[in-house]
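**Q** Quick one, target-v4.pdb (PDB, C-alpha atoms, pLDDT in the B column):
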```
ATOM      1  CA  MET A1310       0.000   0.000   0.000  1.00 57.00           C
ATOM      2  CA  GLY A1311       1.335   3.446  -0.928  1.00 71.00           C
ATOM      3  CA  LEU A1312       1.882   6.347   1.368  1.00 78.00           C
ATOM      4  CA  THR A1313      -1.199   8.497   1.881  1.00 83.00           C
ATOM      5  CA  PHE A1314      -1.087  12.218   2.504  1.00 83.00           C
ATOM      6  CA  GLU A1315      -3.118  11.888   5.721  1.00 87.00           C
ATOM      7  CA  TYR A1316      -0.803   9.257   7.228  1.00 88.00           C
ATOM      8  CA  ALA A1317       2.359  11.126   6.226  1.00 88.00           C
ATOM      9  CA  THR A1318       1.027  14.397   7.632  1.00 89.00           C
ATOM     10  CA  ALA A1319       0.149  12.749  10.937  1.00 91.00           C
ATOM     11  CA  GLN A1320       3.613  11.197  11.195  1.00 92.00           C
ATOM     12  CA  LEU A1321       5.349  14.465  10.296  1.00 92.00           C
ATOM     13  CA  PHE A1322       3.322  16.405  12.841  1.00 92.00           C
ATOM     14  CA  GLU A1323       4.271  13.861  15.487  1.00 93.00           C
ATOM     15  CA  GLY A1324       7.941  14.281  14.599  1.00 93.00           C
ATOM     16  CA  PHE A1325       7.526  18.050  14.534  1.00 94.00           C
ATOM     17  CA  GLY A1326       6.042  17.878  18.028  1.00 94.00           C
ATOM     18  CA  LYS A1327       9.267  16.309  19.344  1.00 94.00           C
ATOM     19  CA  THR A1328      11.286  18.927  17.482  1.00 95.00           C
ATOM     20  CA  VAL A1329       9.297  21.750  19.096  1.00 95.00           C
ATOM     21  CA  LEU A1330       9.510  20.077  22.524  1.00 96.00           C
ATOM     22  CA  LEU A1331      13.306  19.840  22.322  1.00 96.00           C
ATOM     23  CA  PHE A1332      13.496  23.431  21.080  1.00 97.00           C
ATOM     24  CA  ALA A1333      11.259  24.783  23.849  1.00 97.00           C
ATOM     25  CA  LEU A1334      12.926  22.886  26.694  1.00 97.00           C
ATOM     26  CA  THR A1335      16.368  23.967  25.511  1.00 97.00           C
ATOM     27  CA  LEU A1336      15.344  27.630  25.418  1.00 96.00           C
ATOM     28  CA  VAL A1337      13.631  27.547  28.813  1.00 97.00           C
ATOM     29  CA  LEU A1338      16.705  26.008  30.440  1.00 97.00           C
ATOM     30  CA  ALA A1339      19.585  27.503  28.438  1.00 97.00           C
ATOM     31  CA  ILE A1340      18.570  31.182  28.550  1.00 95.00           C
ATOM     32  CA  PRO A1341      18.713  31.499  32.371  1.00 94.00           C
ATOM     33  CA  LEU A1342      21.592  29.018  32.662  1.00 96.00           C
ATOM     34  CA  GLY A1343      23.536  31.135  30.197  1.00 95.00           C
ATOM     35  CA  LEU A1344      23.306  34.060  32.627  1.00 91.00           C
ATOM     36  CA  VAL A1345      24.713  31.872  35.399  1.00 94.00           C
ATOM     37  CA  VAL A1346      27.562  30.668  33.168  1.00 95.00           C
ATOM     38  CA  CYS A1347      28.256  34.270  32.144  1.00 93.00           C
ATOM     39  CA  ALA A1348      28.380  35.401  35.770  1.00 89.00           C
ATOM     40  CA  CYS A1349      30.764  32.565  36.668  1.00 94.00           C
ATOM     41  CA  SER A1350      33.057  33.079  33.677  1.00 94.00           C
ATOM     42  CA  THR A1351      33.366  36.803  34.462  1.00 89.00           C
ATOM     43  CA  SER A1352      33.668  36.322  38.214  1.00 89.00           C
ATOM     44  CA  ARG A1353      36.473  38.054  40.068  1.00 88.00           C
ATOM     45  CA  PHE A1354      37.174  34.731  41.778  1.00 91.00           C
ATOM     46  CA  LYS A1355      39.784  33.507  39.313  1.00 92.00           C
ATOM     47  CA  PRO A1356      39.547  29.711  39.877  1.00 94.00           C
ATOM     48  CA  LEU A1357      35.804  29.836  39.157  1.00 94.00           C
ATOM     49  CA  SER A1358      36.327  32.115  36.175  1.00 94.00           C
ATOM     50  CA  TYR A1359      39.043  29.899  34.672  1.00 96.00           C
ATOM     51  CA  LEU A1360      36.959  26.753  35.207  1.00 96.00           C
ATOM     52  CA  PHE A1361      33.944  28.112  33.348  1.00 95.00           C
ATOM     53  CA  LYS A1362      36.056  29.662  30.615  1.00 95.00           C
ATOM     54  CA  ALA A1363      37.559  26.195  30.056  1.00 97.00           C
ATOM     55  CA  ILE A1364      34.085  24.621  29.937  1.00 96.00           C
ATOM     56  CA  ILE A1365      32.926  27.226  27.410  1.00 96.00           C
ATOM     57  CA  TRP A1366      36.053  26.640  25.319  1.00 97.00           C
ATOM     58  CA  VAL A1367      35.463  22.865  25.232  1.00 96.00           C
ATOM     59  CA  VAL A1368      31.746  23.146  24.469  1.00 96.00           C
ATOM     60  CA  ARG A1369      32.190  25.733  21.728  1.00 95.00           C
ATOM     61  CA  GLY A1370      35.179  23.901  20.268  1.00 96.00           C
ATOM     62  CA  THR A1371      33.503  20.506  19.818  1.00 96.00           C
ATOM     63  CA  PRO A1372      30.499  19.534  17.642  1.00 96.00           C
ATOM     64  CA  LEU A1373      27.078  19.349  19.255  1.00 96.00           C
ATOM     65  CA  LEU A1374      26.708  15.933  17.619  1.00 95.00           C
ATOM     66  CA  LEU A1375      29.679  14.648  19.626  1.00 96.00           C
ATOM     67  CA  GLN A1376      28.303  16.173  22.817  1.00 96.00           C
ATOM     68  CA  ILE A1377      24.988  14.359  22.343  1.00 95.00           C
ATOM     69  CA  ILE A1378      26.811  11.052  21.952  1.00 93.00           C
ATOM     70  CA  VAL A1379      28.924  11.696  25.069  1.00 93.00           C
ATOM     71  CA  VAL A1380      25.928  12.658  27.208  1.00 93.00           C
ATOM     72  CA  PHE A1381      23.860   9.670  26.082  1.00 92.00           C
ATOM     73  CA  TYR A1382      26.482   6.920  25.967  1.00 90.00           C
ATOM     74  CA  GLY A1383      29.178   8.323  28.268  1.00 86.00           C
ATOM     75  CA  PRO A1384      27.695   7.453  31.688  1.00 82.00           C
ATOM     76  CA  GLY A1385      27.068   3.846  30.615  1.00 75.00           C
ATOM     77  CA  LEU A1386      30.513   3.358  29.109  1.00 76.00           C
ATOM     78  CA  LEU A1387      32.471   5.127  31.857  1.00 75.00           C
ATOM     79  CA  PHE A1388      30.515   4.240  34.997  1.00 75.00           C
ATOM     80  CA  ASN A1389      28.338   1.324  33.862  1.00 73.00           C
ATOM     81  CA  TRP A1390      25.220   3.377  34.494  1.00 72.00           C
ATOM     82  CA  GLN A1391      22.043   2.564  32.627  1.00 67.00           C
ATOM     83  CA  TYR A1392      21.557   4.790  29.578  1.00 64.00           C
ATOM     84  CA  SER A1393      19.382   7.811  30.284  1.00 68.00           C
ATOM     85  CA  GLU A1394      16.081   8.449  28.544  1.00 85.00           C
ATOM     86  CA  ARG A1395      16.808   9.686  25.044  1.00 90.00           C
ATOM     87  CA  MET A1396      14.932  12.966  25.222  1.00 92.00           C
ATOM     88  CA  THR A1397      16.469  13.712  28.617  1.00 92.00           C
ATOM     89  CA  ALA A1398      19.968  13.178  27.205  1.00 93.00           C
ATOM     90  CA  LEU A1399      19.157  15.479  24.294  1.00 95.00           C
ATOM     91  CA  VAL A1400      17.845  18.240  26.546  1.00 96.00           C
ATOM     92  CA  ILE A1401      20.951  18.019  28.744  1.00 95.00           C
ATOM     93  CA  ALA A1402      23.340  18.150  25.774  1.00 96.00           C
ATOM     94  CA  PHE A1403      21.475  20.968  24.018  1.00 97.00           C
ATOM     95  CA  THR A1404      21.110  22.985  27.222  1.00 97.00           C
ATOM     96  CA  ILE A1405      24.812  22.779  28.059  1.00 97.00           C
ATOM     97  CA  ASN A1406      25.785  23.659  24.502  1.00 97.00           C
ATOM     98  CA  TYR A1407      23.472  26.625  24.051  1.00 97.00           C
ATOM     99  CA  SER A1408      23.949  28.005  27.564  1.00 97.00           C
ATOM    100  CA  CYS A1409      27.657  28.368  26.754  1.00 96.00           C
ATOM    101  CA  TYR A1410      26.919  30.160  23.492  1.00 96.00           C
ATOM    102  CA  PHE A1411      24.317  32.381  25.159  1.00 96.00           C
ATOM    103  CA  SER A1412      26.758  33.201  27.977  1.00 95.00           C
ATOM    104  CA  GLU A1413      29.237  34.631  25.487  1.00 94.00           C
ATOM    105  CA  ILE A1414      26.496  36.734  23.910  1.00 94.00           C
ATOM    106  CA  TYR A1415      25.492  38.005  27.362  1.00 92.00           C
ATOM    107  CA  ARG A1416      29.108  38.777  28.233  1.00 90.00           C
ATOM    108  CA  SER A1417      29.576  40.774  25.039  1.00 88.00           C
ATOM    109  CA  GLY A1418      26.347  42.680  25.611  1.00 84.00           C
ATOM    110  CA  ILE A1419      27.235  43.598  29.197  1.00 80.00           C
ATOM    111  CA  GLN A1420      30.887  44.480  28.643  1.00 80.00           C
ATOM    112  CA  ASN A1421      30.120  46.729  25.667  1.00 78.00           C
ATOM    113  CA  LEU A1422      27.876  48.990  27.734  1.00 74.00           C
ATOM    114  CA  PRO A1423      29.526  52.251  28.835  1.00 74.00           C
ATOM    115  CA  ARG A1424      30.952  52.137  32.358  1.00 72.00           C
ATOM    116  CA  GLY A1425      29.159  55.391  33.042  1.00 73.00           C
ATOM    117  CA  GLN A1426      25.880  53.473  33.230  1.00 71.00           C
ATOM    118  CA  TYR A1427      27.027  51.836  36.454  1.00 73.00           C
ATOM    119  CA  GLU A1428      28.502  55.036  37.862  1.00 75.00           C
ATOM    120  CA  ALA A1429      25.278  56.967  37.195  1.00 76.00           C
ATOM    121  CA  GLY A1430      23.330  54.280  39.031  1.00 77.00           C
ATOM    122  CA  TYR A1431      25.628  54.476  42.043  1.00 79.00           C
ATOM    123  CA  VAL A1432      25.271  58.273  42.117  1.00 76.00           C
ATOM    124  CA  LEU A1433      21.480  57.840  42.246  1.00 78.00           C
ATOM    125  CA  GLY A1434      21.848  55.540  45.244  1.00 79.00           C
ATOM    126  CA  MET A1435      20.954  52.295  43.443  1.00 81.00           C
ATOM    127  CA  THR A1436      22.401  48.968  44.507  1.00 80.00           C
ATOM    128  CA  ARG A1437      24.395  46.793  42.101  1.00 74.00           C
ATOM    129  CA  ILE A1438      21.408  44.453  41.661  1.00 78.00           C
ATOM    130  CA  GLN A1439      19.049  47.373  40.963  1.00 80.00           C
ATOM    131  CA  ILE A1440      21.466  48.808  38.426  1.00 78.00           C
ATOM    132  CA  PHE A1441      21.673  45.460  36.621  1.00 75.00           C
ATOM    133  CA  PHE A1442      17.936  44.815  36.382  1.00 76.00           C
ATOM    134  CA  ARG A1443      16.711  48.381  35.858  1.00 78.00           C
ATOM    135  CA  VAL A1444      19.518  49.909  33.791  1.00 77.00           C
ATOM    136  CA  ILE A1445      21.870  47.307  32.344  1.00 77.00           C
ATOM    137  CA  LEU A1446      19.511  44.427  31.501  1.00 76.00           C
ATOM    138  CA  PRO A1447      17.064  46.397  29.287  1.00 78.00           C
ATOM    139  CA  GLN A1448      19.942  47.878  27.283  1.00 80.00           C
ATOM    140  CA  MET A1449      21.700  44.509  27.127  1.00 81.00           C
ATOM    141  CA  ILE A1450      18.573  42.851  25.719  1.00 83.00           C
ATOM    142  CA  LYS A1451      18.480  45.452  22.943  1.00 83.00           C
ATOM    143  CA  ARG A1452      22.129  44.756  22.066  1.00 86.00           C
ATOM    144  CA  ILE A1453      22.020  40.959  22.229  1.00 89.00           C
ATOM    145  CA  LEU A1454      18.696  40.403  20.475  1.00 90.00           C
ATOM    146  CA  PRO A1455      20.134  40.073  16.916  1.00 90.00           C
ATOM    147  CA  PRO A1456      22.854  37.507  17.837  1.00 93.00           C
ATOM    148  CA  MET A1457      20.430  35.696  20.156  1.00 94.00           C
ATOM    149  CA  SER A1458      17.856  35.454  17.380  1.00 94.00           C
ATOM    150  CA  ASN A1459      20.487  33.923  15.080  1.00 94.00           C
ATOM    151  CA  GLU A1460      21.409  31.322  17.712  1.00 95.00           C
ATOM    152  CA  ILE A1461      17.762  30.481  18.368  1.00 96.00           C
ATOM    153  CA  ILE A1462      17.063  29.962  14.673  1.00 95.00           C
ATOM    154  CA  THR A1463      20.180  27.775  14.503  1.00 95.00           C
ATOM    155  CA  LEU A1464      18.760  25.812  17.437  1.00 96.00           C
ATOM    156  CA  VAL A1465      15.642  25.020  15.404  1.00 95.00           C
ATOM    157  CA  LYS A1466      17.798  23.423  12.698  1.00 95.00           C
ATOM    158  CA  ASP A1467      20.123  21.726  15.202  1.00 96.00           C
ATOM    159  CA  THR A1468      17.197  19.753  16.610  1.00 95.00           C
ATOM    160  CA  SER A1469      17.611  17.473  13.583  1.00 94.00           C
ATOM    161  CA  LEU A1470      20.739  16.091  15.302  1.00 95.00           C
ATOM    162  CA  ALA A1471      18.405  14.251  17.688  1.00 94.00           C
ATOM    163  CA  GLN A1472      18.200  11.465  15.130  1.00 93.00           C
ATOM    164  CA  ILE A1473      21.772  10.408  16.013  1.00 93.00           C
ATOM    165  CA  ILE A1474      20.373   8.613  19.086  1.00 92.00           C
ATOM    166  CA  ALA A1475      17.273   7.381  17.241  1.00 87.00           C
ATOM    167  CA  VAL A1476      14.772  10.007  18.365  1.00 90.00           C
ATOM    168  CA  ASN A1477      12.043  10.320  15.762  1.00 90.00           C
ATOM    169  CA  GLU A1478      12.081  14.085  15.352  1.00 93.00           C
ATOM    170  CA  LEU A1479      10.960  15.718  12.115  1.00 93.00           C
ATOM    171  CA  VAL A1480      13.905  14.891   9.827  1.00 93.00           C
ATOM    172  CA  ARG A1481      14.227  11.272  10.990  1.00 93.00           C
ATOM    173  CA  THR A1482      10.481  10.796  10.536  1.00 93.00           C
ATOM    174  CA  ALA A1483      10.682  12.185   6.989  1.00 93.00           C
ATOM    175  CA  ASN A1484      13.662   9.922   6.205  1.00 92.00           C
ATOM    176  CA  ASN A1485      11.834   6.892   7.556  1.00 92.00           C
ATOM    177  CA  LEU A1486       8.834   7.622   5.335  1.00 91.00           C
ATOM    178  CA  GLN A1487      11.118   8.147   2.352  1.00 90.00           C
ATOM    179  CA  ASN A1488      12.980   4.873   2.914  1.00 89.00           C
ATOM    180  CA  THR A1489       9.855   2.849   3.668  1.00 88.00           C
ATOM    181  CA  TYR A1490       7.678   4.048   0.786  1.00 87.00           C
ATOM    182  CA  ALA A1491      10.385   5.086  -1.719  1.00 86.00           C
ATOM    183  CA  VAL A1492       9.015   8.617  -2.063  1.00 87.00           C
ATOM    184  CA  ILE A1493      10.873  11.871  -1.547  1.00 90.00           C
ATOM    185  CA  TRP A1494       8.094  14.361  -0.936  1.00 89.00           C
ATOM    186  CA  PRO A1495       8.003  13.872   2.890  1.00 90.00           C
ATOM    187  CA  VAL A1496      11.520  15.357   3.003  1.00 92.00           C
ATOM    188  CA  PHE A1497      10.320  18.466   1.172  1.00 92.00           C
ATOM    189  CA  TYR A1498       7.360  18.709   3.533  1.00 91.00           C
ATOM    190  CA  ALA A1499       9.789  18.588   6.460  1.00 93.00           C
ATOM    191  CA  GLY A1500      11.647  21.509   4.884  1.00 93.00           C
ATOM    192  CA  VAL A1501       8.373  23.450   4.730  1.00 93.00           C
ATOM    193  CA  PHE A1502       7.829  22.849   8.461  1.00 94.00           C
ATOM    194  CA  TYR A1503      11.262  24.320   9.207  1.00 95.00           C
ATOM    195  CA  LEU A1504      10.737  27.278   6.866  1.00 95.00           C
ATOM    196  CA  VAL A1505       7.391  28.170   8.419  1.00 95.00           C
ATOM    197  CA  PHE A1506       8.684  27.783  11.980  1.00 95.00           C
ATOM    198  CA  ASN A1507      11.776  29.883  11.326  1.00 95.00           C
ATOM    199  CA  GLY A1508       9.697  32.416   9.413  1.00 95.00           C
ATOM    200  CA  ILE A1509       7.458  32.899  12.445  1.00 95.00           C
ATOM    201  CA  LEU A1510      10.508  33.301  14.698  1.00 95.00           C
ATOM    202  CA  THR A1511      12.038  35.835  12.291  1.00 94.00           C
ATOM    203  CA  LEU A1512       8.864  37.935  12.333  1.00 95.00           C
ATOM    204  CA  LEU A1513       8.701  37.688  16.120  1.00 94.00           C
ATOM    205  CA  PHE A1514      12.288  38.836  16.591  1.00 92.00           C
ATOM    206  CA  GLY A1515      11.785  41.651  14.093  1.00 91.00           C
ATOM    207  CA  TYR A1516       8.783  42.841  16.091  1.00 90.00           C
ATOM    208  CA  MET A1517      10.770  42.654  19.344  1.00 88.00           C
ATOM    209  CA  GLU A1518      13.633  44.700  17.851  1.00 84.00           C
ATOM    210  CA  LYS A1519      11.188  47.434  16.824  1.00 85.00           C
ATOM    211  CA  LYS A1520       9.632  47.473  20.304  1.00 81.00           C
ATOM    212  CA  LEU A1521      13.089  47.919  21.853  1.00 76.00           C
ATOM    213  CA  ASN A1522      14.146  50.758  19.570  1.00 73.00           C
ATOM    214  CA  TYR A1523      13.580  53.303  22.330  1.00 59.00           C
ATOM    215  CA  TYR A1524      16.711  51.978  24.098  1.00 51.00           C
ATOM    216  CA  LYS A1525      19.356  54.111  22.482  1.00 54.00           C
ATOM    217  CA  VAL A1526      22.867  53.673  23.854  1.00 47.00           C
TER     218      VAL A1526
END
```
How does this structure look as structure tokens?
**A**
Amino acid sequence: MGLTFEYATAQLFEGFGKTVLLFALTLVLAIPLGLVVCACSTSRFKPLSYLFKAIIWVVRGTPLLLQIIVVFYGPGLLFNWQYSERMTALVIAFTINYSCYFSEIYRSGIQNLPRGQYEAGYVLGMTRIQIFFRVILPQMIKRILPPMSNEIITLVKDTSLAQIIAVNELVRTANNLQNTYAVIWPVFYAGVFYLVFNGILTLLFGYMEKKLNYYKV
């Protein structure tokens, strides 16, 4: 029996659901974790700073594909632990990877702000925490939004790497349909899913940049 449009669509939507789940969980965890990594890597306590700079260097210098394999198979091979649940391993690997990239974007956004911003806050009697959240953070968001949007769109496409540990996300589902029924159109449909998703994100980020235009530094 040949592949029907209804069956293929249902399968692709199921795969797309796992893609969106991985994307959403990574963002929810990596965005705040990136701030923590940034704070540690720029800490005045040198041992902590050097440790996190080394972690960032390793994570950014190795492929995400390799990191997924290490997170999923590493504990079993090194410590004889039972393999973790596949989606859990993916979320851990993606979160670590993207939190390191986000931390460098945060660091650049903070360090490029004029030092006078802090000094003006101190003159007004604000604490360091108040200065960060009321003065620095809004301006930092304006500065980091374009590079953050690029990383987030890259994250959408990187979710296809989930297939390396046999998770049936969108691309693996399309490949399975192609191999089973000897048709290629599911792969093109998968491309449409990605184009639409990234198109929505692009419009969203464009809207956010316009809303933040009143932060002029």
**Q** Got a sec: who's within 9 Å of stretch 1331-1335 of chain A, counting only C-alpha atoms, leaving out chain neighbours fewer than 2 positions off, as a list in words?
**A**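 So, after excluding close chain neighbours, the residues are Gly1326, Lys1327, Thr1328, Val1329, Val1337, Leu1338, Ala1339, Ile1340, Met1396, Leu1399, Val1400, Ile1401, Phe1403, Thr1404, Ile1405, Tyr1407, Ser1408, Ile1461, Leu1464, Val1465, Thr1468 and Ala1471 of chain A.
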**Q** Can you turn the PyMOL selection byres ((chain A and resi 1350) around 10) into a concrete residue list for this file, as a PDB file with C-alpha atoms, in the coordinates of the input?
**A**
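File written: selection_12.pdb
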```
ATOM      1  CA  LEU A1344      23.306  34.060  32.627  1.00 91.00           C
ATOM      2  CA  VAL A1345      24.713  31.872  35.399  1.00 94.00           C
ATOM      3  CA  VAL A1346      27.562  30.668  33.168  1.00 95.00           C
ATOM      4  CA  CYS A1347      28.256  34.270  32.144  1.00 93.00           C
ATOM      5  CA  ALA A1348      28.380  35.401  35.770  1.00 89.00           C
ATOM      6  CA  CYS A1349      30.764  32.565  36.668  1.00 94.00           C
ATOM      7  CA  THR A1351      33.366  36.803  34.462  1.00 89.00           C
ATOM      8  CA  SER A1352      33.668  36.322  38.214  1.00 89.00           C
ATOM      9  CA  ARG A1353      36.473  38.054  40.068  1.00 88.00           C
ATOM     10  CA  PHE A1354      37.174  34.731  41.778  1.00 91.00           C
ATOM     11  CA  LYS A1355      39.784  33.507  39.313  1.00 92.00           C
ATOM     12  CA  PRO A1356      39.547  29.711  39.877  1.00 94.00           C
ATOM     13  CA  LEU A1357      35.804  29.836  39.157  1.00 94.00           C
ATOM     14  CA  SER A1358      36.327  32.115  36.175  1.00 94.00           C
ATOM     15  CA  TYR A1359      39.043  29.899  34.672  1.00 96.00           C
ATOM     16  CA  LEU A1360      36.959  26.753  35.207  1.00 96.00           C
ATOM     17  CA  PHE A1361      33.944  28.112  33.348  1.00 95.00           C
ATOM     18  CA  LYS A1362      36.056  29.662  30.615  1.00 95.00           C
ATOM     19  CA  ALA A1363      37.559  26.195  30.056  1.00 97.00           C
ATOM     20  CA  ILE A1364      34.085  24.621  29.937  1.00 96.00           C
ATOM     21  CA  ILE A1365      32.926  27.226  27.410  1.00 96.00           C
ATOM     22  CA  CYS A1409      27.657  28.368  26.754  1.00 96.00           C
ATOM     23  CA  SER A1412      26.758  33.201  27.977  1.00 95.00           C
ATOM     24  CA  GLU A1413      29.237  34.631  25.487  1.00 94.00           C
ATOM     25  CA  ARG A1416      29.108  38.777  28.233  1.00 90.00           C
TER      26      ARG A1416
END
```
**Q** Work out how far apart atom CA of A:Pro1456 and atom CA of A:Asn1421 are and give it in Å to one decimal.
**A**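 Separation of atom CA of A:Pro1456 and atom CA of A:Asn1421: 14.1 Å.
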**Q** Could you tell me, as number ranges by chain, exactly which residues end up selected when the PyMOL selection byres ((chain A and resi 1472-1478) around 10) is applied to this structure?
**A** A: 1320-1331, 1374-1375, 1377-1378, 1381-1382, 1395-1396, 1398-1399, 1468-1471, 1479-1485
**Q** Hey, which of A:Ala1499, A:Met1449, A:Leu1454, A:Ile1462 ends up closest to A:Tyr1516? Count all atoms listed in the file.
**A** A:Leu1454
**Q** Using the file's own x, y and z axes, what box holds all listed atoms of stretch 1512-1524 of chain A with 4 Å on each side, keeping edges along x, y and z, and what are its centre and edge lengths in Å to one decimal, as lines of an AutoDock Vina configuration file?
**A**
```
center_x = 12.7
center_y = 45.5
center_z = 18.2
size_x = 16.0
size_y = 23.6
size_z = 19.8
```
**Q** Taking only C-alpha atoms into account, name the residue in A:Val1367, A:Pro1372, A:Arg1452, A:Phe1506 that is nearest to A:Tyr1415.
**A**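 Going through A:Val1367, A:Pro1372, A:Arg1452, A:Phe1506 one by one, the smallest distance to A:Tyr1415 is for A:Arg1452.
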**Q** Find the residues around A:Gly1430 up to 9 Å (only C-alpha atoms counted), leave out those fewer than 5 positions away in its own chain, and share them as JSON, numbers by chain.
**A** {"A": [1425, 1435, 1436, 1437, 1439, 1440, 1444]}
**Q** So how far away is atom CA of A:Leu1422 from atom CA of A:Phe1441, in Å?
**A** 11.4 Å
**Q** To one decimal in Å, tell me the separation between atom CA of A:Ile1445 and atom CA of A:Leu1513.
**A**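 Atom CA of A:Leu1513 lies 23.0 Å from atom CA of A:Ile1445.
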**Q** Which of these residues is nearest to A:Gly1343, using all atoms listed in the file: A:Thr1489, A:Asn1507, A:Ser1458, A:Asn1406?
**A**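 Nearest candidate to A:Gly1343 out of A:Thr1489, A:Asn1507, A:Ser1458, A:Asn1406: A:Asn1406.
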**Q** Got a minute to add N, CA and C atoms to stretch 1391-1408 of chain A and dump it as a compact mmCIF listing (two decimals), in the coordinates of the input?
**A**
```txt
# COMPACT_ATOMS: atom_id res chain seq x y z
N GLN A 1391 23.03 2.83 33.67
CA GLN A 1391 22.04 2.56 32.63
C GLN A 1391 21.86 3.82 31.79
N TYR A 1392 21.73 3.65 30.47
CA TYR A 1392 21.56 4.79 29.58
C TYR A 1392 20.34 5.61 30.00
N SER A 1393 20.49 6.93 29.93
CA SER A 1393 19.38 7.81 30.28
C SER A 1393 18.32 7.79 29.19
N GLU A 1394 17.15 8.33 29.53
CA GLU A 1394 16.08 8.45 28.54
C GLU A 1394 16.56 9.36 27.42
N ARG A 1395 16.23 9.00 26.21
CA ARG A 1395 16.81 9.69 25.04
C ARG A 1395 16.51 11.18 25.02
N MET A 1396 15.27 11.55 25.24
CA MET A 1396 14.93 12.97 25.22
C MET A 1396 15.62 13.72 26.35
N THR A 1397 15.77 13.08 27.50
CA THR A 1397 16.47 13.71 28.62
C THR A 1397 17.92 13.98 28.25
N ALA A 1398 18.57 13.00 27.63
CA ALA A 1398 19.97 13.18 27.20
C ALA A 1398 20.08 14.32 26.19
N LEU A 1399 19.13 14.40 25.28
CA LEU A 1399 19.16 15.48 24.29
C LEU A 1399 19.01 16.85 24.95
N VAL A 1400 18.07 16.95 25.88
CA VAL A 1400 17.84 18.24 26.55
C VAL A 1400 19.09 18.66 27.33
N ILE A 1401 19.73 17.71 27.99
CA ILE A 1401 20.95 18.02 28.74
C ILE A 1401 22.05 18.51 27.80
N ALA A 1402 22.28 17.78 26.72
CA ALA A 1402 23.34 18.15 25.77
C ALA A 1402 23.05 19.50 25.13
N PHE A 1403 21.83 19.71 24.67
CA PHE A 1403 21.48 20.97 24.02
C PHE A 1403 21.55 22.13 25.00
N THR A 1404 21.10 21.91 26.23
CA THR A 1404 21.11 22.98 27.22
C THR A 1404 22.53 23.41 27.56
N ILE A 1405 23.42 22.45 27.77
CA ILE A 1405 24.81 22.78 28.06
C ILE A 1405 25.44 23.53 26.89
N ASN A 1406 25.20 23.04 25.68
CA ASN A 1406 25.78 23.66 24.50
C ASN A 1406 25.31 25.10 24.33
N TYR A 1407 24.00 25.29 24.34
CA TYR A 1407 23.47 26.62 24.05
C TYR A 1407 23.63 27.59 25.22
N SER A 1408 23.70 27.10 26.45
CA SER A 1408 23.95 28.00 27.56
C SER A 1408 25.34 28.61 27.46
```
